[in-house]
Structure formats: C-alpha cells, structure tokens
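A.B. asks: File my_file38.txt follows (compact mmCIF, C-alpha atoms and all ligand atoms):
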```
# COMPACT_ATOMS: atom_id res chain seq x y z
CA MET A 11 27.30 -10.86 -18.35
CA LYS A 12 24.41 -8.38 -18.22
CA TYR A 13 24.59 -6.55 -14.90
CA CYS A 14 21.70 -4.72 -13.26
CA ILE A 15 21.78 -2.84 -9.99
CA VAL A 16 18.81 -3.67 -7.77
CA THR A 17 18.42 -1.15 -4.96
CA GLY A 18 16.41 -2.55 -2.06
CA GLY A 19 17.08 -6.01 -3.48
CA ALA A 20 17.07 -7.45 0.06
CA GLY A 21 13.46 -6.35 0.50
CA TYR A 22 10.20 -8.08 -0.38
CA VAL A 23 9.52 -7.06 -4.00
CA GLY A 24 13.20 -6.40 -4.81
CA ALA A 25 14.29 -9.91 -3.82
CA HIS A 26 11.57 -11.50 -5.95
CA CYS A 27 12.74 -9.38 -8.88
CA CYS A 28 16.37 -10.54 -8.37
CA LYS A 29 15.24 -14.15 -8.56
CA GLU A 30 13.42 -13.49 -11.85
CA LEU A 31 16.35 -11.49 -13.26
CA ALA A 32 18.74 -14.33 -12.50
CA ALA A 33 16.30 -16.83 -14.05
CA VAL A 34 16.33 -14.96 -17.38
CA GLY A 35 20.10 -14.52 -17.54
CA TYR A 36 20.82 -11.18 -15.85
CA PHE A 37 23.24 -10.69 -12.97
CA PRO A 38 21.54 -8.68 -10.22
CA VAL A 39 23.77 -6.57 -7.99
CA VAL A 40 21.83 -5.93 -4.81
CA VAL A 41 22.53 -2.55 -3.21
CA ASP A 42 20.88 -2.34 0.19
CA ASN A 43 21.72 -0.67 3.50
CA LEU A 44 19.79 -3.44 5.33
CA SER A 45 17.92 -0.86 7.38
CA ARG A 46 14.75 -2.80 6.57
CA GLY A 47 15.90 -5.52 4.18
CA HIS A 48 17.07 -9.05 5.00
CA LYS A 49 20.59 -10.11 4.10
CA GLN A 50 19.43 -13.69 3.56
CA PHE A 51 17.12 -12.46 0.76
CA ALA A 52 20.11 -11.27 -1.29
CA LYS A 53 20.91 -14.68 -2.72
CA TRP A 54 21.15 -14.03 -6.44
CA GLY A 55 24.07 -12.25 -8.08
CA ALA A 56 26.19 -9.99 -5.88
CA PHE A 57 25.47 -7.98 -2.73
CA ARG A 58 26.97 -4.61 -1.83
CA GLU A 59 25.92 -3.20 1.53
CA GLY A 60 25.66 0.57 1.63
CA ASP A 61 23.45 3.62 1.50
CA LEU A 62 22.27 5.30 -1.69
CA ARG A 63 23.12 8.69 -0.17
CA ASP A 64 26.79 7.65 0.09
CA HIS A 65 28.13 8.97 -3.21
CA ALA A 66 31.56 7.33 -3.05
CA PHE A 67 30.02 3.92 -2.26
CA LEU A 68 27.51 4.15 -5.07
CA ASP A 69 30.04 5.41 -7.58
CA ALA A 70 32.32 2.46 -6.78
CA VAL A 71 29.48 -0.03 -7.36
CA PHE A 72 28.66 1.53 -10.75
CA LYS A 73 32.34 1.46 -11.75
CA GLU A 74 32.73 -2.15 -10.61
CA PHE A 75 29.76 -3.54 -12.58
CA LEU A 76 28.96 -1.05 -15.39
CA PRO A 77 25.23 -1.94 -15.11
CA GLU A 78 22.81 -1.74 -18.04
CA ALA A 79 19.98 -0.62 -15.80
CA VAL A 80 18.89 0.12 -12.27
CA PHE A 81 15.85 -1.48 -10.67
CA HIS A 82 15.01 0.94 -7.87
CA PHE A 83 13.05 -0.66 -5.02
CA ALA A 84 14.82 0.92 -2.04
CA GLY A 85 12.50 3.06 0.05
CA TYR A 86 10.33 3.13 3.12
CA THR A 87 6.72 2.11 2.62
CA TYR A 88 4.72 2.57 5.81
CA VAL A 89 1.90 5.05 5.26
CA GLY A 90 1.29 5.62 9.00
CA GLU A 91 4.97 6.15 9.77
CA SER A 92 5.23 8.63 6.90
CA VAL A 93 2.50 10.77 8.45
CA GLU A 94 4.36 10.82 11.78
CA LYS A 95 7.86 11.25 10.31
CA PRO A 96 7.55 12.92 6.89
CA LEU A 97 11.18 13.98 6.78
CA LEU A 98 12.30 10.37 7.11
CA TYR A 99 10.36 9.61 3.93
CA TYR A 100 11.51 12.66 1.97
CA ASN A 101 15.10 11.95 2.98
CA ASN A 102 15.15 8.19 2.62
CA ASN A 103 13.02 8.04 -0.53
CA VAL A 104 13.52 11.33 -2.41
CA VAL A 105 17.05 12.41 -1.40
CA ALA A 106 18.37 8.87 -1.85
CA THR A 107 16.84 8.71 -5.34
CA ILE A 108 18.46 12.00 -6.37
CA SER A 109 21.82 10.62 -5.25
CA LEU A 110 21.15 7.43 -7.23
CA LEU A 111 20.18 9.36 -10.37
CA ASP A 112 23.31 11.47 -10.13
CA ALA A 113 25.46 8.35 -9.89
CA MET A 114 23.64 6.98 -12.95
CA ARG A 115 24.29 10.20 -14.85
CA GLU A 116 27.96 10.26 -13.91
CA ASN A 117 28.37 6.64 -14.97
CA ALA A 118 26.31 6.80 -18.18
CA CYS A 119 23.68 4.32 -16.98
CA ASN A 120 20.50 5.56 -18.64
CA ASN A 121 17.71 3.11 -17.76
CA ILE A 122 15.79 2.97 -14.48
CA ILE A 123 12.79 0.85 -13.49
CA PHE A 124 11.19 2.56 -10.52
CA SER A 125 8.99 1.02 -7.87
CA SER A 126 6.09 3.46 -7.56
CA THR A 127 2.71 2.96 -5.95
CA ALA A 128 -1.05 3.35 -6.19
CA ALA A 129 -0.63 5.62 -3.17
CA THR A 130 0.39 8.39 -5.64
CA TYR A 131 -3.28 8.58 -6.72
CA GLY A 132 -4.69 9.39 -3.26
CA ASN A 133 -8.45 8.98 -2.80
CA PRO A 134 -9.88 7.38 -5.93
CA GLN A 135 -12.16 9.66 -7.94
CA TYR A 136 -13.25 6.69 -10.02
CA THR A 137 -12.51 2.99 -10.17
CA PRO A 138 -10.80 1.04 -11.63
CA ILE A 139 -7.94 3.52 -11.59
CA ASP A 140 -6.09 4.06 -14.85
CA GLU A 141 -2.89 6.05 -15.40
CA LYS A 142 -4.87 9.20 -16.31
CA HIS A 143 -6.39 9.35 -12.84
CA PRO A 144 -5.24 12.55 -11.03
CA GLN A 145 -2.26 11.96 -8.75
CA GLU A 146 -3.11 13.63 -5.44
CA PRO A 147 -1.43 11.63 -2.66
CA ILE A 148 -2.90 11.94 0.81
CA ASN A 149 0.20 11.00 2.83
CA PRO A 150 3.96 11.71 2.72
CA TYR A 151 4.72 8.17 1.53
CA GLY A 152 2.61 8.62 -1.61
CA GLN A 153 3.90 12.17 -1.95
CA SER A 154 7.53 11.00 -1.80
CA LYS A 155 6.91 8.50 -4.61
CA LEU A 156 5.13 11.14 -6.70
CA PHE A 157 8.04 13.57 -6.21
CA ILE A 158 10.34 10.86 -7.52
CA GLU A 159 8.13 10.34 -10.58
CA LYS A 160 8.37 14.10 -11.26
CA ILE A 161 12.15 14.07 -10.77
CA LEU A 162 12.39 11.17 -13.24
CA GLU A 163 10.48 13.22 -15.82
CA ASP A 164 12.91 16.12 -15.33
CA TYR A 165 16.02 13.90 -15.49
CA ASP A 166 14.68 12.34 -18.66
CA ARG A 167 14.23 15.77 -20.30
CA ALA A 168 17.52 17.20 -19.05
CA TYR A 169 19.88 14.22 -19.13
CA GLY A 170 18.17 11.50 -21.20
CA ILE A 171 17.77 9.05 -18.32
CA LYS A 172 14.83 6.87 -19.38
CA TYR A 173 12.43 5.40 -16.86
CA SER A 174 9.55 3.00 -16.33
CA ALA A 175 7.57 4.01 -13.24
CA LEU A 176 5.50 1.02 -12.13
CA ARG A 177 2.63 1.86 -9.79
CA TYR A 178 1.76 -1.25 -7.87
CA PHE A 179 -1.45 -1.90 -6.07
CA ASN A 180 -1.28 -4.44 -3.19
CA ALA A 181 1.85 -6.56 -3.61
CA SER A 182 1.12 -9.95 -2.06
CA GLY A 183 2.00 -13.64 -1.95
CA ALA A 184 5.44 -15.23 -2.04
CA ASP A 185 7.84 -17.03 -4.29
CA GLU A 186 6.35 -20.34 -5.51
CA ASP A 187 9.46 -22.27 -4.34
CA GLY A 188 9.23 -20.79 -0.84
CA GLU A 189 12.75 -19.28 -1.00
CA ILE A 190 11.67 -15.74 -0.16
CA GLY A 191 8.50 -14.08 1.08
CA GLU A 192 6.94 -11.11 2.82
CA GLU A 193 8.63 -10.16 6.06
CA HIS A 194 8.08 -6.70 7.52
CA ASP A 195 8.85 -5.52 11.02
CA PRO A 196 6.41 -4.38 12.24
CA GLU A 197 3.95 -6.19 9.98
CA THR A 198 0.98 -4.04 8.96
CA HIS A 199 -0.22 -5.80 5.80
CA LEU A 200 -3.45 -7.71 5.79
CA ILE A 201 -2.51 -11.11 4.32
CA PRO A 202 0.53 -11.76 6.59
CA LEU A 203 -1.47 -10.63 9.63
CA VAL A 204 -4.38 -12.95 8.84
CA ILE A 205 -1.93 -15.81 8.31
CA GLN A 206 -0.22 -15.06 11.63
CA ALA A 207 -3.64 -15.31 13.30
CA ALA A 208 -4.27 -18.67 11.58
CA LEU A 209 -0.87 -19.87 12.81
CA GLY A 210 -1.72 -18.83 16.37
CA LYS A 211 1.02 -16.16 16.38
CA ARG A 212 -1.58 -13.53 17.18
CA LYS A 213 -4.88 -13.84 18.99
CA ASN A 214 -7.03 -12.47 16.19
CA VAL A 215 -7.09 -10.20 13.19
CA LYS A 216 -8.83 -6.85 13.24
CA ILE A 217 -11.09 -5.82 10.39
CA PHE A 218 -10.59 -2.09 9.95
CA GLY A 219 -14.11 -0.91 9.14
CA GLU A 220 -17.30 -2.82 8.36
CA ASP A 221 -19.38 0.07 7.05
CA TYR A 222 -17.65 0.90 3.77
CA PRO A 223 -19.85 1.31 0.69
CA THR A 224 -18.72 -2.09 -0.65
CA PRO A 225 -20.69 -5.34 -1.14
CA ASP A 226 -19.78 -6.78 2.30
CA GLY A 227 -18.93 -3.48 4.04
CA THR A 228 -15.18 -4.13 4.24
CA ALA A 229 -12.48 -2.40 2.18
CA VAL A 230 -11.61 -3.73 -1.26
CA ARG A 231 -8.06 -3.95 -2.67
CA ASP A 232 -6.36 -5.30 -5.76
CA TYR A 233 -3.93 -8.00 -4.57
CA VAL A 234 -1.27 -8.66 -7.20
CA HIS A 235 1.24 -11.47 -6.82
CA VAL A 236 4.82 -10.40 -6.17
CA THR A 237 6.23 -12.73 -8.85
CA ASP A 238 3.85 -11.19 -11.40
CA LEU A 239 5.23 -7.80 -10.34
CA ALA A 240 8.78 -9.08 -10.82
CA THR A 241 7.94 -10.31 -14.32
CA ALA A 242 6.44 -6.91 -15.18
CA HIS A 243 9.69 -5.22 -14.10
CA ILE A 244 11.75 -7.33 -16.44
CA LYS A 245 9.35 -6.75 -19.33
CA ALA A 246 9.39 -3.01 -18.57
CA PHE A 247 13.20 -3.00 -18.66
CA GLU A 248 13.36 -4.93 -21.91
CA ARG A 249 10.82 -2.58 -23.51
CA LEU A 250 12.72 0.46 -22.24
CA ALA A 251 16.03 -0.83 -23.59
CA HIS A 252 14.35 -1.55 -26.92
CA THR A 253 12.27 1.62 -27.41
CA GLY A 254 14.09 4.20 -25.27
CA GLU A 255 10.69 5.62 -24.27
CA SER A 256 9.85 6.48 -20.68
CA ILE A 257 6.49 5.35 -19.34
CA SER A 258 4.34 5.10 -16.19
CA LEU A 259 2.11 2.06 -15.75
CA ASN A 260 -0.26 0.57 -13.19
CA LEU A 261 0.29 -2.99 -12.04
CA GLY A 262 -2.67 -4.85 -10.59
CA THR A 263 -5.00 -7.71 -11.48
CA GLY A 264 -8.05 -5.52 -12.06
CA LYS A 265 -9.93 -7.63 -9.53
CA GLY A 266 -11.07 -6.35 -6.15
CA THR A 267 -11.04 -8.51 -3.01
CA SER A 268 -12.51 -7.43 0.32
CA VAL A 269 -10.94 -7.85 3.76
CA LEU A 270 -13.57 -10.48 4.61
CA GLU A 271 -12.82 -12.38 1.41
CA ILE A 272 -9.12 -12.46 2.31
CA ILE A 273 -9.96 -13.85 5.74
CA GLU A 274 -12.19 -16.51 4.17
CA SER A 275 -9.43 -17.38 1.72
CA VAL A 276 -6.88 -17.87 4.52
CA ARG A 277 -9.39 -20.08 6.34
CA ARG A 278 -9.85 -22.22 3.21
CA VAL A 279 -6.18 -22.43 2.31
CA SER A 280 -4.89 -23.11 5.84
CA GLY A 281 -7.79 -25.24 7.04
CA ARG A 282 -7.31 -23.52 10.41
CA PRO A 283 -9.82 -21.60 12.49
CA LEU A 284 -9.04 -17.94 13.00
CA GLU A 285 -10.74 -15.19 14.91
CA ALA A 286 -11.61 -11.90 13.19
CA VAL A 287 -12.88 -8.93 15.17
CA MET A 288 -14.45 -5.75 13.92
CA ALA A 289 -12.52 -2.54 14.59
CA GLU A 290 -12.62 1.14 13.68
CA ARG A 291 -11.66 2.23 10.17
CA ARG A 292 -7.93 2.93 9.78
CA ALA A 293 -7.28 6.58 9.00
CA GLY A 294 -6.50 7.30 5.36
CA ASP A 295 -7.84 4.00 3.94
CA PRO A 296 -9.96 4.48 0.80
CA PRO A 297 -12.95 2.08 0.47
CA VAL A 298 -11.87 0.64 -2.90
CA LEU A 299 -8.53 0.58 -4.75
CA VAL A 300 -8.56 -1.46 -7.95
CA ALA A 301 -6.23 -1.03 -10.92
CA ASP A 302 -6.98 -0.67 -14.56
CA SER A 303 -3.78 -2.33 -15.82
CA SER A 304 -4.86 -2.71 -19.42
CA ALA A 305 -2.03 -0.41 -20.54
CA ALA A 306 0.61 -2.69 -18.93
CA GLY A 307 -1.17 -5.68 -20.49
CA LYS A 308 -0.90 -4.19 -23.97
CA ILE A 309 2.37 -2.31 -23.82
CA LEU A 310 4.37 -4.90 -21.88
CA ASP A 311 2.44 -7.94 -23.05
CA TRP A 312 2.05 -8.65 -19.35
CA LYS A 313 -0.51 -11.06 -17.91
CA CYS A 314 -0.88 -12.03 -14.27
CA ARG A 315 -0.23 -15.71 -13.68
CA TYR A 316 -2.02 -15.41 -10.36
CA ASN A 317 -5.60 -14.24 -10.87
CA ASP A 318 -7.19 -16.18 -8.10
CA VAL A 319 -6.91 -14.93 -4.54
CA ASP A 320 -6.65 -18.46 -3.07
CA ALA A 321 -3.65 -19.14 -5.32
CA ILE A 322 -1.96 -15.96 -4.06
CA VAL A 323 -2.79 -16.70 -0.42
CA LYS A 324 -1.50 -20.27 -0.84
CA THR A 325 1.99 -19.05 -1.74
CA ALA A 326 1.95 -16.66 1.23
CA TRP A 327 0.73 -19.44 3.53
CA ASN A 328 3.51 -21.78 2.36
CA TRP A 329 6.15 -19.16 3.11
CA HIS A 330 4.80 -18.05 6.50
CA SER A 331 4.00 -21.52 7.79
CA LYS A 332 7.59 -22.59 7.05
CA ASN A 333 9.30 -19.45 8.26
CA LEU A 334 7.37 -18.12 11.24
N1 LIG B 401 -6.57 -4.20 7.06
C1 LIG B 401 -7.36 -4.70 8.06
N2 LIG B 401 -6.75 -5.19 9.16
C2 LIG B 401 -5.42 -5.23 9.33
C3 LIG B 401 -4.59 -4.71 8.29
C4 LIG B 401 -5.21 -4.20 7.16
O1 LIG B 401 -8.60 -4.68 7.96
O2 LIG B 401 -4.93 -5.67 10.37
C5 LIG B 401 -7.21 -3.67 5.85
C6 LIG B 401 -6.81 -2.24 5.54
O3 LIG B 401 -7.63 -1.36 6.24
C7 LIG B 401 -7.00 -2.20 4.01
C8 LIG B 401 -6.68 -3.64 3.56
O4 LIG B 401 -6.77 -4.43 4.75
O5 LIG B 401 -8.32 -1.93 3.71
C9 LIG B 401 -5.27 -3.78 3.00
O6 LIG B 401 -4.37 -3.20 3.93
P1 LIG B 401 -2.78 -3.33 3.77
O7 LIG B 401 -2.17 -2.62 4.95
O8 LIG B 401 -2.40 -4.75 3.56
O9 LIG B 401 -2.46 -2.58 2.43
P2 LIG B 401 -2.83 -1.07 2.01
O10 LIG B 401 -3.92 -1.18 0.98
O11 LIG B 401 -3.09 -0.19 3.15
O12 LIG B 401 -1.42 -0.58 1.44
C10 LIG B 401 -0.90 -0.99 0.23
C11 LIG B 401 0.62 -0.91 0.30
C12 LIG B 401 1.05 0.51 0.51
C13 LIG B 401 0.42 1.39 -0.53
C14 LIG B 401 -1.07 1.21 -0.55
C15 LIG B 401 -1.75 2.02 -1.61
O13 LIG B 401 1.10 -1.71 1.33
O14 LIG B 401 2.44 0.57 0.41
O15 LIG B 401 -1.38 -0.15 -0.75
O16 LIG B 401 -1.27 1.64 -2.82
F1 LIG B 401 0.68 2.68 -0.25
```
Could you quickly redo this structure as structure tokens?
Ligand code: UFG

C.D. replies:
Amino acid sequence: MKYCIVTGGAGYVGAHCCKELAAVGYFPVVVDNLSRGHKQFAKWGAFREGDLRDHAFLDAVFKEFLPEAVFHFAGYTYVGESVEKPLLYYNNNVVATISLLDAMRENACNNIIFSSTAATYGNPQYTPIDEKHPQEPINPYGQSKLFIEKILEDYDRAYGIKYSALRYFNASGADEDGEIGEEHDPETHLIPLVIQAALGKRKNVKIFGEDYPTPDGTAVRDYVHVTDLATAHIKAFERLAHTGESISLNLGTGKGTSVLEIIESVRRVSGRPLEAVMAERRAGDPPVLVADSSAAGKILDWKCRYNDVDAIVKTAWNWHSKNL
C-alpha cells in the first residue's frame, strides 16, 4: 500500500485531495487537530487526531505508516483574522510546518506537496500573475505561507527534502458526488455566502465595492474548482517522485469572474431570487487576481475540468442545498 500523510485532511481542500488520492490507489492518512476541520470529512484511509506541533504524536504517525509523501494542507486561512492575530498565524502555520519538516527529516520522508496561496503575491503588479511575479504579501496569512515557501527552499538545500509549492487562487465548488464541500465557520467566502442568501439562510449578500477599475466595477477573481486542485496535487506528487525536482506553481483557471457575475451565476443555477446590496470595499482586497497557470499546464500536464463558472457554482449549490 502507498501511504501518504495528509495534514489538514479534514478541511475543505485537504478532504477533496484525500478522495482523489484514494481513487488513484493511495492510502491517505489524515492528520488533523480538528481545530477547524470536520471529522466527518476524514472518510478515506486512516485518521489520526493530533497537532503538528506535538513531536511525539507526529513521530508515531510517521513510524506507523512510513509514508511516501506528505500533502500539507493544515493551516489557518482567514486574511482578516491574521491581521488581528498575527502570532496565531505564525505559530499555527509556520511553527507547525517546521515541526512537520523535522518529523519528515527524522523519518526519511523526502517529498512534500505544500498548499500555498496567491496571497503570497500581495497586490498584483500585473495580471495574469505568473510565478515570476514578486512575492510581497500584504497580510500575515500571506506572509506565513511565504515564510513556509522559504523554509522549504532551505530544507531542500540542507536536507534534500523536495517540495511542490502550489499557489492556489480562489478554491471553490464541491465534490461532484456531494460527499464533501466547503464549510467554514465563520464563512467569509463569496460563493458559499451567495448560496446561503439564495437558500434564505441570510437576508442578502453584500458586494464589497462597486467602483473597482473592472468591467462591471466589482472585484474579479480566478475561481478554480477544488477537485481540479486535488488532481493537480496528485500530479505534482507524481512528478516530484519521478524527477526529484522542487517547484512552485500557480493553480487557477486563467479566467476572471466578477462578484456580480458570481451572483448572477448563483441566480441561474439555483433558480432562486436573492438580494445583493452594495457595501464598502473590504480592506486589503485587490481589484483583480487572475492566475497565469500555463507552467502547471505544461509541467504537470494539468487541465481544469471545470472552466465554466456555472459548472463550479452548480457543484457548490448541490452541496450547500443538501447540507445547510
Ligand atoms: N466578497 C464580497 N462579498 C462577500 C464576500 C466576498 O463582495 O460577502 C468579494 C471579496 O471582496 C472578493 C471576492 O468576493 O473580491 C472573493 O472573496 P473571497 O473572500 O471569497 O476570497 P478572497 O479572494 O478574498 O480570498 C481567497 C482565499 C484566501 C486567499 C486569497 C488570495 O480565500 O485564502 O484568495 O489568494 F488568501
């Protein structure tokens, strides 16, 4: 059996990756402290509850499974919270990763696929953003992920731990079979919030800013389906195992969608009325964030199955309408 440790495997992107890993013959071992994950999402492979900063716990998991690789999703991801509580992010994201890397080193596990983010780029200096774009994060969340990328480079040089750092744009949608989906508490992401409004779980959805320099005045993002992200992780691992070369890659569709277009899409997909109200811009939001993922396309032979925003929203709608 080919074992992989999946940290944060009870979270949104991690759980989708476990499902894909199991589908292609790997045995995912979810390691999650459940501080923000959902136990019911850890349904493939094995589950070990514990914290990455607990050395004895982690060491025991490595010794039990002798994994070929680590898929590292565990981490906090709220930009606003990271501004208010930076230490929480440096501790939970950076310190935990150092502990994980040390356990890998001690147990001769030399491949890691790391969940990084477009937030490491900060305010875009040009668009679409390729991997050569300067990385100047504007909040502690992005900073914590960039620190980890730098630590990975150093561990590669010093100890030969090879990595793929995958910088996602806006992870969205849900598993096609409706087994898992996006569930954050509190929810801050656009698509789930718009769907909650369509389901009558909230009165309306607020549009943060209508005066951006974009075609309809609302902010534009690159929404990439979570199952496409999961597939990219597996391809990145297989390439890493094959070539032994570390790499950092963007993951997005290359297509920008505005806030208003998302709202229209939810209206179309759900067939429900929903109220949208204009609000102030949210601090720290760039007008446009779109990926140039051509490198991932070429190097990983990766193509998004979901290129159409309605198709992405449909999977999210199916999940939320069944589970809310
Ligand atoms: N938005 C609204 N109303 C809402 C919520 C969001 O108008 O109620 C807008 C935001 O202002 C933004 C867009 O919808 O323009 C998308 O917002 P999300 O919160 O869904 O996603 P972000 O682009 O802010 O964040 C995502 C990830 C972060 C990551 C960031 C940059 O969730 O983890 O992309 O890569 F840091």

A.B. asks: Using all atoms listed in the file, can you tell me which of A:Ala321, A:Ala128, A:Leu284, A:Val105 comes closest to ligand LIG 401 (chain B)?

C.D. replies: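 Going through A:Ala321, A:Ala128, A:Leu284, A:Val105 one by one, the smallest distance to ligand LIG 401 (chain B) is for A:Ala128.
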
A.B. asks: Env of A:Ile15: 10 Å cut, atoms = all atoms listed in the file, seq-sep filter 3 positions within chain, self excluded. Answer as JSON, numbers by chain.

C.D. replies: {"A": [18, 19, 28, 37, 38, 39, 40, 41, 55, 56, 57, 58, 71, 72, 75, 76, 77, 78, 79, 80, 81, 82, 122]}

A.B. asks: Could you jot down the atom CA of A:Ala175 to atom CA of A:Ala293 separation for me, Å, one decimal place?

C.D. replies: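 Taking atom CA of A:Ala175 as the start and atom CA of A:Ala293 as the end point, the length is 26.9 Å.
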
A.B. asks: Would you tabulate, counting all atoms listed in the file, all residues of chain A that have an atom at most 6 Å from an atom of ligand LIG 401 (chain B), showing the closest pair of atoms and their distance in Å to one decimal, sorted by chain then ascending number, as CSV?

C.D. replies:
```
residue,atom,partner,partner_atom,distance
A:Thr87,CA,B:LIG401,O14,5.1
A:Thr127,CA,B:LIG401,O16,5.2
A:Ala128,CA,B:LIG401,O16,3.8
A:Ala129,CA,B:LIG401,O16,4.0
A:Phe179,CA,B:LIG401,O16,4.8
A:Asn180,CA,B:LIG401,C10,4.9
A:Thr198,CA,B:LIG401,O7,5.3
A:His199,CA,B:LIG401,O8,3.3
A:Leu200,CA,B:LIG401,O8,3.9
A:Val215,CA,B:LIG401,O2,5.8
A:Lys216,CA,B:LIG401,N2,4.9
A:Ile217,CA,B:LIG401,O1,3.7
A:Phe218,CA,B:LIG401,O1,3.8
A:Ala229,CA,B:LIG401,O5,4.5
A:Val269,CA,B:LIG401,O4,5.5
A:Arg292,CA,B:LIG401,O3,5.6
A:Asp295,CA,B:LIG401,O3,5.8
```

A.B. asks: Write a file of the selected residues as a short mmCIF file (atom, residue, chain, number, x, y, z; two decimals), in the frame of the given file, keeping C-alpha atoms.

C.D. replies:
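Result saved to selection27.cif:
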```
data_model
loop_
_atom_site.label_atom_id
_atom_site.label_comp_id
_atom_site.auth_asym_id
_atom_site.auth_seq_id
_atom_site.Cartn_x
_atom_site.Cartn_y
_atom_site.Cartn_z
CA THR A 87 6.72 2.11 2.62
CA THR A 127 2.71 2.96 -5.95
CA ALA A 128 -1.05 3.35 -6.19
CA ALA A 129 -0.63 5.62 -3.17
CA PHE A 179 -1.45 -1.90 -6.07
CA ASN A 180 -1.28 -4.44 -3.19
CA THR A 198 0.98 -4.04 8.96
CA HIS A 199 -0.22 -5.80 5.80
CA LEU A 200 -3.45 -7.71 5.79
CA VAL A 215 -7.09 -10.20 13.19
CA LYS A 216 -8.83 -6.85 13.24
CA ILE A 217 -11.09 -5.82 10.39
CA PHE A 218 -10.59 -2.09 9.95
CA ALA A 229 -12.48 -2.40 2.18
CA VAL A 269 -10.94 -7.85 3.76
CA ARG A 292 -7.93 2.93 9.78
CA ASP A 295 -7.84 4.00 3.94
#
```

A.B. asks: Between atom CA of A:Gly262 and atom CA of A:Tyr233, measure the distance and give it in Å to one decimal.

C.D. replies: 6.9 Å

A.B. asks: Which polymer residues, whether protein, DNA or RNA, lie within 9 Å of the coordinate (-15.2, 2.8, -6.7) when you count all atoms listed in the file? List them as a VMD selection string, using the chain letters and numbers from the file.

C.D. replies: chain A and resid 134 to 139 223 to 224 297 to 300

A.B. asks: Grab the atom CA of A:His330 to atom CA of A:Ala208 distance for me, in Å with one decimal place.

C.D. replies: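 Between atom CA of A:His330 and atom CA of A:Ala208 the gap works out to 10.4 Å.
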
A.B. asks: Go through A:Leu310, A:Asn121, A:Leu239, A:Glu271 and flag the residue nearest A:Asp166, using all atoms listed in the file for the distances.

C.D. replies: A:Asn121

A.B. asks: Could you name the residues that touch A:Ile171 at 12 Å or less, counting all atoms listed in the file, but leaving out those on the same chain fewer than 5 positions away, as a list in words?

C.D. replies: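 Everything that qualifies: Glu78, Ala79, Val80, Leu110, Leu111, Asp112, Ala113, Met114, Arg115, Glu116, Asn117, Ala118, Cys119, Asn120, Asn121, Ile122, Ile123, Ile161, Leu162, Glu163, Asp164, Tyr165, Asp166, Leu250, Ala251, Gly254, Glu255, Ser256 and Ile257 of chain A.
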
A.B. asks: Do you know which residues are at most 7 Å from A:Thr325 counting all atoms listed in the file, after dropping those on the same chain fewer than 5 positions away, and could you put them as a PyMOL selection string?

C.D. replies: chain A and resi 183-186

A.B. asks: Let me make sure I understand: among A:Ala70, A:Asn101, A:Ala20, A:Glu285, which one has the smallest atom-to-atom distance to A:Asn214 if we use only C-alpha atoms?

C.D. replies: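 Closest to A:Asn214 of all the choices is A:Glu285.
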
A.B. asks: Check the smallest atom-to-atom distance from each of A:Asp221, A:Asp311, A:Glu59, A:Asp232 to A:Asn43 using all atoms listed in the file, then report the winner.

C.D. replies: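 The shortest atom-to-atom distance to A:Asn43 comes from A:Glu59.
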
A.B. asks: From the set A:Glu248, A:Glu290, A:Glu74, A:Glu193, which residue has the shortest atom-to-atom contact distance to A:Thr228, counting all atoms listed in the file?

C.D. replies: A:Glu290

A.B. asks: Please produce, as a tab-separated table, a per-residue contact table for stretch 156-234 of chain A versus stretch 44-54 of chain A (criterion: any atom at most 12 Å away, all atoms listed in the file considered), showing the nearest atom pair and its distance in Å to one decimal, sorted by chain then residue number.

C.D. replies:
```
residue	atom	partner	partner_atom	distance
A:Asp185	CA	A:Phe51	CA	11.5
A:Gly188	CA	A:Phe51	CA	11.6
A:Glu189	CA	A:Phe51	CA	8.3
A:Ile190	CA	A:Phe51	CA	6.4
A:Gly191	CA	A:Phe51	CA	8.8
A:Glu192	CA	A:Phe51	CA	10.5
A:Glu193	CA	A:His48	CA	8.6
A:His194	CA	A:Arg46	CA	7.8
A:Asp195	CA	A:Arg46	CA	7.9
A:Pro196	CA	A:Arg46	CA	10.2
A:Glu197	CA	A:Arg46	CA	11.8
```

A.B. asks: Considering all atoms listed in the file, can you say which of A:Ala207, A:Thr263, A:Ser126, A:Asp318 comes closest to A:Ser331?

C.D. replies: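 Of the candidates, the smallest distance to A:Ser331 is held by A:Ala207.
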
A.B. asks: Find the residues around A:Val89 up to 8 Å (only C-alpha atoms counted), leave out those fewer than 6 positions away in its own chain, and share them as a PyMOL selection string.

C.D. replies: chain A and resi 149-152
